[in-house]
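Asks: For reference, the structure I am asking about is given below.
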There are 2 protein chains.
Amino acid sequence: MMQMTATPPYYAVIFSSELLKQTDGYESTALEMVEPAKSQAGFLGMESIREENGKGITVSYWKNLADIKEWKAHSLHLAAQSKGKSEWYDVYQVRVCQVEKQYGFSLCGK
Amino acid sequence: MMQMTATPPYYAVIFSSELLKQTDGYESTALEMVEPAKSQAGFLGMESIREENGKGITVSYWKNLADIKEWKAHSLHLAAQSKGKSEWYDVYQVRVCQVEKQYGFSLCGK
């Protein structure tokens with residue numbers, strides 16, 4: 001799980017999606033996106049959960065809005081977005097948010 | 001998936017968690033929280049994804065920060081939070097965010 005050292009304010013992109021039943025190449029492309037995203041300026045972290053039914057939430061964290069814009073316009077990411085719309089996603093929703101505060105709990109820290 | 005009619009700005013609470021292996025009563029309590037949350041002032045929606053390995057992301061959406069505070073202090077929710085720490089969660093992280101913009105895609109809307 002994503003426990004970052006970043007302190008607010010920073011940004012989160014909530015990507016909620018439902019995959020189609022047939023998604024050839026989705027998994028490999030999703031994996032191929034991880035390294036270029038991590039190399040992007042302002043990248044703070046990412047967490048992704050997907051159920052067997054194809055519903056998923058991925059949240060990526062960024063220093064500021066300009067970083068998010070740059071990643072959105074990255075050539076590899078653009079190609080993946082395009083395939084996502086034409087082949088993999090039934091529906092998705094993107095929300096760009098400013099993280100204002102955070103707190104957490106860890107059993108180990110008790 | 002959560003496709004809301006709300007337009008930004010509004011708020012999102014990103015709750016990332018990892019459950020312990022033994023979580024008696026977790027599922028039923030999680031379900032019992034849905035109705036009181038929905039009845040809360042300012043509630044806009046919720047989406048929740050959990051993998052079989054116990055990792056999950058739940059995002060709830062709210063009109064404003066005061067609504068989030070009230071739900072956090074709701075008696076039923078307080079009891080659930082307490083059990084969550086003592087019995088169910090290995091670790092969790094809460095992030096309170098302001099949603100600044102959103103966009104989406106739907107195969108049906110193509």
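By convention here, the chains of the structure tokens are called A, B, ... in the order presented, each chain's residues are numbered starting at 1, and ligands are numbered starting at 1 in the order presented.
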Taking only C-alpha atoms into account, what are the residues of chain A at most 6 Å from chain B, put as a list of chain:residue names?
Replies: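 That gives the following set of residues: A:Glu51, A:Asp90, A:Val91, A:Tyr92, A:Gln93, A:Val94, A:Arg95, A:Val96, A:Cys97, A:Gln98, A:Val99, A:Glu100, A:Lys101, A:Gln102, A:Tyr103, A:Gly104, A:Phe105, A:Ser106, A:Leu107.
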Asks: Restricting it to all heavy atoms, dump the selection as a compact mmCIF listing (two decimals), in the first residue's frame.
Replies:
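Full text of result.txt as output:
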```txt
# COMPACT_ATOMS: atom_id res chain seq x y z
N GLU A 51 -10.73 -5.78 -9.24
CA GLU A 51 -11.43 -7.02 -8.91
C GLU A 51 -11.54 -7.90 -10.14
O GLU A 51 -11.39 -7.44 -11.27
CB GLU A 51 -12.82 -6.71 -8.35
CG GLU A 51 -12.77 -6.15 -6.94
CD GLU A 51 -14.13 -5.72 -6.40
OE1 GLU A 51 -15.15 -5.92 -7.10
OE2 GLU A 51 -14.18 -5.17 -5.29
N ASP A 90 -14.84 -0.35 -20.90
CA ASP A 90 -16.26 -0.12 -21.08
C ASP A 90 -16.58 1.32 -20.69
O ASP A 90 -17.33 2.02 -21.35
CB ASP A 90 -17.03 -1.13 -20.22
CG ASP A 90 -18.53 -1.02 -20.41
OD1 ASP A 90 -18.95 -0.42 -21.42
OD2 ASP A 90 -19.26 -1.51 -19.56
N VAL A 91 -16.00 1.72 -19.59
CA VAL A 91 -16.25 3.06 -19.05
C VAL A 91 -15.12 3.43 -18.10
O VAL A 91 -14.51 2.57 -17.47
CB VAL A 91 -17.64 3.06 -18.34
CG1 VAL A 91 -17.69 2.01 -17.23
CG2 VAL A 91 -18.01 4.42 -17.80
N TYR A 92 -14.79 4.70 -18.06
CA TYR A 92 -13.87 5.17 -17.01
C TYR A 92 -14.15 6.62 -16.64
O TYR A 92 -14.81 7.35 -17.39
CB TYR A 92 -12.40 4.97 -17.39
CG TYR A 92 -11.85 5.78 -18.55
CD1 TYR A 92 -11.69 7.18 -18.46
CD2 TYR A 92 -11.44 5.16 -19.72
CE1 TYR A 92 -11.16 7.91 -19.50
CE2 TYR A 92 -10.92 5.90 -20.78
CZ TYR A 92 -10.78 7.26 -20.66
OH TYR A 92 -10.27 7.99 -21.70
N GLN A 93 -13.65 6.98 -15.49
CA GLN A 93 -13.83 8.34 -14.97
C GLN A 93 -12.49 8.77 -14.37
O GLN A 93 -11.86 8.00 -13.64
CB GLN A 93 -14.93 8.30 -13.90
CG GLN A 93 -15.45 9.65 -13.46
CD GLN A 93 -16.39 10.29 -14.48
OE1 GLN A 93 -16.91 9.62 -15.36
NE2 GLN A 93 -16.61 11.58 -14.36
N VAL A 94 -12.06 9.97 -14.73
CA VAL A 94 -10.81 10.51 -14.18
C VAL A 94 -11.15 11.73 -13.32
O VAL A 94 -11.93 12.59 -13.74
CB VAL A 94 -9.86 10.95 -15.32
CG1 VAL A 94 -8.57 11.54 -14.75
CG2 VAL A 94 -9.54 9.79 -16.25
N ARG A 95 -10.57 11.76 -12.12
CA ARG A 95 -10.77 12.92 -11.26
C ARG A 95 -9.41 13.44 -10.80
O ARG A 95 -8.62 12.69 -10.24
CB ARG A 95 -11.63 12.56 -10.05
CG ARG A 95 -13.07 12.22 -10.42
CD ARG A 95 -13.95 11.99 -9.20
NE ARG A 95 -15.35 11.85 -9.61
CZ ARG A 95 -15.92 10.69 -9.91
NH1 ARG A 95 -15.24 9.58 -9.84
NH2 ARG A 95 -17.20 10.66 -10.28
N VAL A 96 -9.16 14.69 -11.06
CA VAL A 96 -7.91 15.32 -10.65
C VAL A 96 -8.17 16.11 -9.37
O VAL A 96 -9.07 16.97 -9.34
CB VAL A 96 -7.37 16.25 -11.75
CG1 VAL A 96 -6.07 16.91 -11.31
CG2 VAL A 96 -7.17 15.46 -13.04
N CYS A 97 -7.43 15.78 -8.33
CA CYS A 97 -7.73 16.32 -6.99
C CYS A 97 -6.49 16.88 -6.32
O CYS A 97 -5.39 16.37 -6.52
CB CYS A 97 -8.22 15.21 -6.07
SG CYS A 97 -9.35 14.03 -6.76
N GLN A 98 -6.72 17.87 -5.48
CA GLN A 98 -5.64 18.33 -4.61
C GLN A 98 -5.80 17.67 -3.24
O GLN A 98 -6.85 17.82 -2.59
CB GLN A 98 -5.67 19.85 -4.46
CG GLN A 98 -4.46 20.34 -3.65
CD GLN A 98 -4.42 21.84 -3.49
OE1 GLN A 98 -5.42 22.47 -3.21
NE2 GLN A 98 -3.24 22.41 -3.65
N VAL A 99 -4.77 16.95 -2.80
CA VAL A 99 -4.81 16.33 -1.48
C VAL A 99 -4.56 17.41 -0.44
O VAL A 99 -3.53 18.08 -0.48
CB VAL A 99 -3.75 15.21 -1.34
CG1 VAL A 99 -3.81 14.58 0.04
CG2 VAL A 99 -3.94 14.16 -2.44
N GLU A 100 -5.53 17.59 0.46
CA GLU A 100 -5.42 18.67 1.45
C GLU A 100 -4.89 18.16 2.77
O GLU A 100 -4.20 18.87 3.49
CB GLU A 100 -6.78 19.34 1.65
CG GLU A 100 -7.29 19.99 0.37
CD GLU A 100 -8.50 20.87 0.62
OE1 GLU A 100 -9.05 20.87 1.74
OE2 GLU A 100 -8.91 21.58 -0.34
N LYS A 101 -5.30 16.93 3.13
CA LYS A 101 -4.71 16.35 4.36
C LYS A 101 -4.74 14.84 4.31
O LYS A 101 -5.48 14.25 3.52
CB LYS A 101 -5.40 16.88 5.62
CG LYS A 101 -6.85 16.56 5.73
CD LYS A 101 -7.39 17.11 7.05
CE LYS A 101 -8.91 16.90 7.13
NZ LYS A 101 -9.46 17.36 8.39
N GLN A 102 -3.93 14.23 5.14
CA GLN A 102 -3.86 12.78 5.16
C GLN A 102 -3.52 12.31 6.57
O GLN A 102 -2.90 13.02 7.35
CB GLN A 102 -2.79 12.29 4.18
CG GLN A 102 -1.39 12.72 4.55
CD GLN A 102 -0.37 12.41 3.46
OE1 GLN A 102 -0.72 12.13 2.33
NE2 GLN A 102 0.89 12.48 3.81
N TYR A 103 -3.97 11.11 6.88
CA TYR A 103 -3.58 10.47 8.12
C TYR A 103 -3.70 8.97 7.92
O TYR A 103 -4.39 8.51 6.99
CB TYR A 103 -4.42 10.95 9.31
CG TYR A 103 -5.91 10.75 9.13
CD1 TYR A 103 -6.53 9.59 9.60
CD2 TYR A 103 -6.70 11.70 8.49
CE1 TYR A 103 -7.90 9.40 9.43
CE2 TYR A 103 -8.06 11.51 8.31
CZ TYR A 103 -8.65 10.36 8.78
OH TYR A 103 -10.00 10.16 8.61
N GLY A 104 -3.04 8.22 8.76
CA GLY A 104 -3.04 6.78 8.55
C GLY A 104 -2.93 6.00 9.83
O GLY A 104 -2.85 6.57 10.94
N PHE A 105 -2.97 4.70 9.67
CA PHE A 105 -2.88 3.77 10.78
C PHE A 105 -2.06 2.58 10.34
O PHE A 105 -2.18 2.12 9.20
CB PHE A 105 -4.29 3.30 11.16
CG PHE A 105 -4.31 2.05 12.00
CD1 PHE A 105 -4.11 2.13 13.38
CD2 PHE A 105 -4.53 0.81 11.44
CE1 PHE A 105 -4.13 0.98 14.17
CE2 PHE A 105 -4.55 -0.35 12.21
CZ PHE A 105 -4.35 -0.27 13.58
N SER A 106 -1.21 2.10 11.23
CA SER A 106 -0.49 0.88 10.93
C SER A 106 -0.39 0.05 12.20
O SER A 106 -0.03 0.54 13.26
CB SER A 106 0.91 1.21 10.41
OG SER A 106 1.70 0.06 10.46
N LEU A 107 -0.74 -1.21 12.06
CA LEU A 107 -0.72 -2.13 13.19
C LEU A 107 0.69 -2.16 13.82
O LEU A 107 0.83 -2.23 15.03
CB LEU A 107 -1.11 -3.53 12.70
CG LEU A 107 -1.72 -4.48 13.71
CD1 LEU A 107 -2.94 -3.87 14.38
CD2 LEU A 107 -2.09 -5.78 13.04
```
Asks: Excluding Gly42 (chain A) and residues on its chain fewer than 4 positions from it, collect all residues at most 10 Å away from it, counting only C-alpha atoms, and give them as a list of chain:residue names.
Replies: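 The residues satisfying every condition are A:Tyr10, A:Tyr11, A:Ala37, A:Lys38, A:Tyr61, A:Trp62, A:Lys63, A:Asn64, A:Leu65, A:Ala66, A:Asp67, A:Ile68, A:Glu70, A:Trp71.
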Asks: Write the residues of the selection above to a file with all heavy atoms, as a compact mmCIF listing (two decimals), in the first residue's frame.
Replies:
```txt
# COMPACT_ATOMS: atom_id res chain seq x y z
N TYR A 10 -0.48 18.10 -2.27
CA TYR A 10 0.02 17.52 -3.51
C TYR A 10 -1.21 17.05 -4.29
O TYR A 10 -2.35 17.32 -3.85
CB TYR A 10 1.05 16.41 -3.24
CG TYR A 10 0.57 15.26 -2.40
CD1 TYR A 10 -0.06 14.16 -2.97
CD2 TYR A 10 0.73 15.25 -1.01
CE1 TYR A 10 -0.50 13.10 -2.19
CE2 TYR A 10 0.28 14.20 -0.23
CZ TYR A 10 -0.33 13.13 -0.83
OH TYR A 10 -0.77 12.08 -0.05
N TYR A 11 -1.01 16.36 -5.39
CA TYR A 11 -2.17 16.02 -6.23
C TYR A 11 -2.39 14.52 -6.37
O TYR A 11 -1.43 13.74 -6.30
CB TYR A 11 -2.03 16.66 -7.61
CG TYR A 11 -2.36 18.13 -7.56
CD1 TYR A 11 -1.39 19.05 -7.17
CD2 TYR A 11 -3.64 18.57 -7.84
CE1 TYR A 11 -1.71 20.40 -7.07
CE2 TYR A 11 -3.96 19.90 -7.74
CZ TYR A 11 -3.00 20.81 -7.36
OH TYR A 11 -3.32 22.14 -7.25
N ALA A 37 5.94 6.19 -16.06
CA ALA A 37 5.22 7.05 -15.11
C ALA A 37 6.14 7.40 -13.94
O ALA A 37 6.25 8.57 -13.54
CB ALA A 37 3.95 6.36 -14.62
N LYS A 38 6.83 6.38 -13.43
CA LYS A 38 7.73 6.59 -12.28
C LYS A 38 8.87 7.54 -12.62
O LYS A 38 9.38 8.24 -11.76
CB LYS A 38 8.33 5.25 -11.84
CG LYS A 38 7.40 4.41 -10.99
CD LYS A 38 8.14 3.19 -10.45
CE LYS A 38 7.24 2.35 -9.57
NZ LYS A 38 7.88 1.08 -9.18
N TYR A 61 -0.20 9.72 -7.64
CA TYR A 61 0.05 10.92 -6.83
C TYR A 61 1.17 11.73 -7.45
O TYR A 61 2.18 11.16 -7.90
CB TYR A 61 0.39 10.52 -5.39
CG TYR A 61 -0.73 9.75 -4.72
CD1 TYR A 61 -0.72 8.37 -4.67
CD2 TYR A 61 -1.82 10.41 -4.17
CE1 TYR A 61 -1.76 7.65 -4.07
CE2 TYR A 61 -2.86 9.72 -3.57
CZ TYR A 61 -2.83 8.34 -3.52
OH TYR A 61 -3.86 7.64 -2.94
N TRP A 62 1.00 13.05 -7.45
CA TRP A 62 1.90 13.95 -8.17
C TRP A 62 2.15 15.22 -7.37
O TRP A 62 1.28 15.66 -6.62
CB TRP A 62 1.27 14.32 -9.51
CG TRP A 62 0.96 13.13 -10.36
CD1 TRP A 62 -0.21 12.40 -10.31
CD2 TRP A 62 1.80 12.48 -11.32
NE1 TRP A 62 -0.12 11.34 -11.21
CE2 TRP A 62 1.09 11.38 -11.83
CE3 TRP A 62 3.09 12.75 -11.79
CZ2 TRP A 62 1.64 10.53 -12.81
CZ3 TRP A 62 3.61 11.90 -12.76
CH2 TRP A 62 2.90 10.81 -13.25
N LYS A 63 3.31 15.82 -7.63
CA LYS A 63 3.64 17.06 -6.93
C LYS A 63 2.72 18.19 -7.32
O LYS A 63 2.25 18.95 -6.49
CB LYS A 63 5.09 17.45 -7.23
CG LYS A 63 6.04 16.86 -6.22
CD LYS A 63 7.40 17.53 -6.30
CE LYS A 63 8.42 16.76 -5.48
NZ LYS A 63 9.77 16.92 -5.97
N ASN A 64 2.46 18.34 -8.63
CA ASN A 64 1.59 19.44 -9.05
C ASN A 64 0.87 19.17 -10.37
O ASN A 64 1.12 18.14 -11.02
CB ASN A 64 2.38 20.75 -9.09
CG ASN A 64 3.58 20.62 -10.00
OD1 ASN A 64 3.44 20.25 -11.15
ND2 ASN A 64 4.77 20.94 -9.48
N LEU A 65 0.00 20.07 -10.74
CA LEU A 65 -0.86 19.86 -11.92
C LEU A 65 -0.06 19.76 -13.21
O LEU A 65 -0.43 19.00 -14.12
CB LEU A 65 -1.87 21.01 -12.03
CG LEU A 65 -3.04 20.97 -11.05
CD1 LEU A 65 -3.87 22.25 -11.19
CD2 LEU A 65 -3.91 19.74 -11.29
N ALA A 66 1.03 20.50 -13.31
CA ALA A 66 1.84 20.47 -14.53
C ALA A 66 2.41 19.07 -14.77
O ALA A 66 2.47 18.59 -15.91
CB ALA A 66 2.96 21.49 -14.43
N ASP A 67 2.80 18.38 -13.70
CA ASP A 67 3.33 17.01 -13.81
C ASP A 67 2.26 16.08 -14.38
O ASP A 67 2.56 15.21 -15.21
CB ASP A 67 3.76 16.48 -12.43
CG ASP A 67 4.77 17.38 -11.75
OD1 ASP A 67 5.61 17.95 -12.45
OD2 ASP A 67 4.70 17.51 -10.51
N ILE A 68 1.05 16.25 -13.92
CA ILE A 68 -0.08 15.41 -14.37
C ILE A 68 -0.32 15.64 -15.86
O ILE A 68 -0.51 14.69 -16.62
CB ILE A 68 -1.35 15.74 -13.55
CG1 ILE A 68 -1.14 15.31 -12.09
CG2 ILE A 68 -2.58 15.06 -14.14
CD1 ILE A 68 -2.19 15.83 -11.13
N GLU A 70 1.81 16.67 -18.08
CA GLU A 70 2.92 16.10 -18.87
C GLU A 70 2.78 14.60 -19.03
O GLU A 70 3.04 14.05 -20.10
CB GLU A 70 4.26 16.44 -18.20
CG GLU A 70 4.71 17.83 -18.56
CD GLU A 70 6.22 18.01 -18.40
OE1 GLU A 70 6.97 17.02 -18.45
OE2 GLU A 70 6.64 19.15 -18.18
N TRP A 71 2.40 13.93 -17.96
CA TRP A 71 2.22 12.47 -18.04
C TRP A 71 1.05 12.13 -18.97
O TRP A 71 1.13 11.20 -19.76
CB TRP A 71 2.03 11.87 -16.66
CG TRP A 71 1.65 10.42 -16.69
CD1 TRP A 71 0.57 9.84 -16.10
CD2 TRP A 71 2.35 9.34 -17.34
NE1 TRP A 71 0.53 8.49 -16.36
CE2 TRP A 71 1.63 8.15 -17.12
CE3 TRP A 71 3.52 9.27 -18.10
CZ2 TRP A 71 2.02 6.91 -17.64
CZ3 TRP A 71 3.91 8.04 -18.63
CH2 TRP A 71 3.17 6.88 -18.39
```
Asks: Quick one: DSSP strand (DSSP E or B) residues in region 4-92 of chain B, as a ChimeraX atom specification?
Replies: /B:10-19,43-50,55-62,89-92
Asks: Those residues with C-alpha atoms, as a JSON list (two decimals), in the first residue's frame please?
Replies:
```
[["chain", "number", "residue", "atom", "x", "y", "z"],
["B", 10, "TYR", "CA", -16.35, 18.86, -4.47],
["B", 11, "TYR", "CA", -14.44, 16.54, -2.14],
["B", 12, "ALA", "CA", -13.10, 13.00, -2.26],
["B", 13, "VAL", "CA", -11.85, 10.83, 0.58],
["B", 14, "ILE", "CA", -9.43, 8.18, -0.66],
["B", 15, "PHE", "CA", -9.25, 5.30, 1.80],
["B", 16, "SER", "CA", -6.48, 2.80, 0.94],
["B", 17, "SER", "CA", -6.26, -0.24, 3.17],
["B", 18, "GLU", "CA", -4.94, -3.71, 3.76],
["B", 19, "LEU", "CA", -7.06, -6.10, 5.77],
["B", 43, "PHE", "CA", -22.94, 12.57, 0.43],
["B", 44, "LEU", "CA", -22.43, 12.39, -3.34],
["B", 45, "GLY", "CA", -21.36, 8.80, -3.94],
["B", 46, "MET", "CA", -18.93, 6.02, -3.14],
["B", 47, "GLU", "CA", -16.95, 3.36, -4.97],
["B", 48, "SER", "CA", -15.06, 0.50, -3.44],
["B", 49, "ILE", "CA", -12.70, -2.11, -4.88],
["B", 50, "ARG", "CA", -11.02, -4.91, -2.95],
["B", 55, "LYS", "CA", -5.89, -4.78, -0.46],
["B", 56, "GLY", "CA", -8.57, -2.22, -1.21],
["B", 57, "ILE", "CA", -9.34, 1.34, -2.22],
["B", 58, "THR", "CA", -12.60, 3.02, -1.28],
["B", 59, "VAL", "CA", -13.33, 6.54, -2.47],
["B", 60, "SER", "CA", -16.28, 8.49, -1.08],
["B", 61, "TYR", "CA", -17.41, 11.83, -2.52],
["B", 62, "TRP", "CA", -18.81, 14.76, -0.58],
["B", 89, "TYR", "CA", -6.81, -3.47, 9.34],
["B", 90, "ASP", "CA", -3.14, -4.14, 9.04],
["B", 91, "VAL", "CA", -2.64, -0.66, 7.65],
["B", 92, "TYR", "CA", -4.65, 2.15, 6.11]]
```
Asks: Please compute the CA of Leu31 (chain A)-CA of Thr5 (chain A) distance, one decimal, in Å.
Replies: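 Going from CA of Leu31 (chain A) over to CA of Thr5 (chain A), I get 24.0 Å.
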Asks: Determine which residues of region 13-92 of chain B DSSP labels as helix (DSSP H, G or I) from the backbone of this structure, then write them out as a PyMOL selection string.
Replies: chain B and resi 26-39+65-72+75-88
Asks: With only C-alpha atoms as the basis for distance, which of B:Lys83, B:Gln40, B:Thr7, B:His77 is at the shortest distance from Asp24 (chain B)?
Replies: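 Between B:Lys83, B:Gln40, B:Thr7, B:His77, the residue approaching Asp24 (chain B) most closely is B:Lys83.
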Asks: My list of candidates is B:Ala6, B:Ala80, B:Ala41, B:Asn53. Which is closest to Gly25 (chain B) when distances are computed with only C-alpha atoms?
Replies: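 Of B:Ala6, B:Ala80, B:Ala41, B:Asn53, the one nearest Gly25 (chain B), counting only C-alpha atoms, is B:Ala80.
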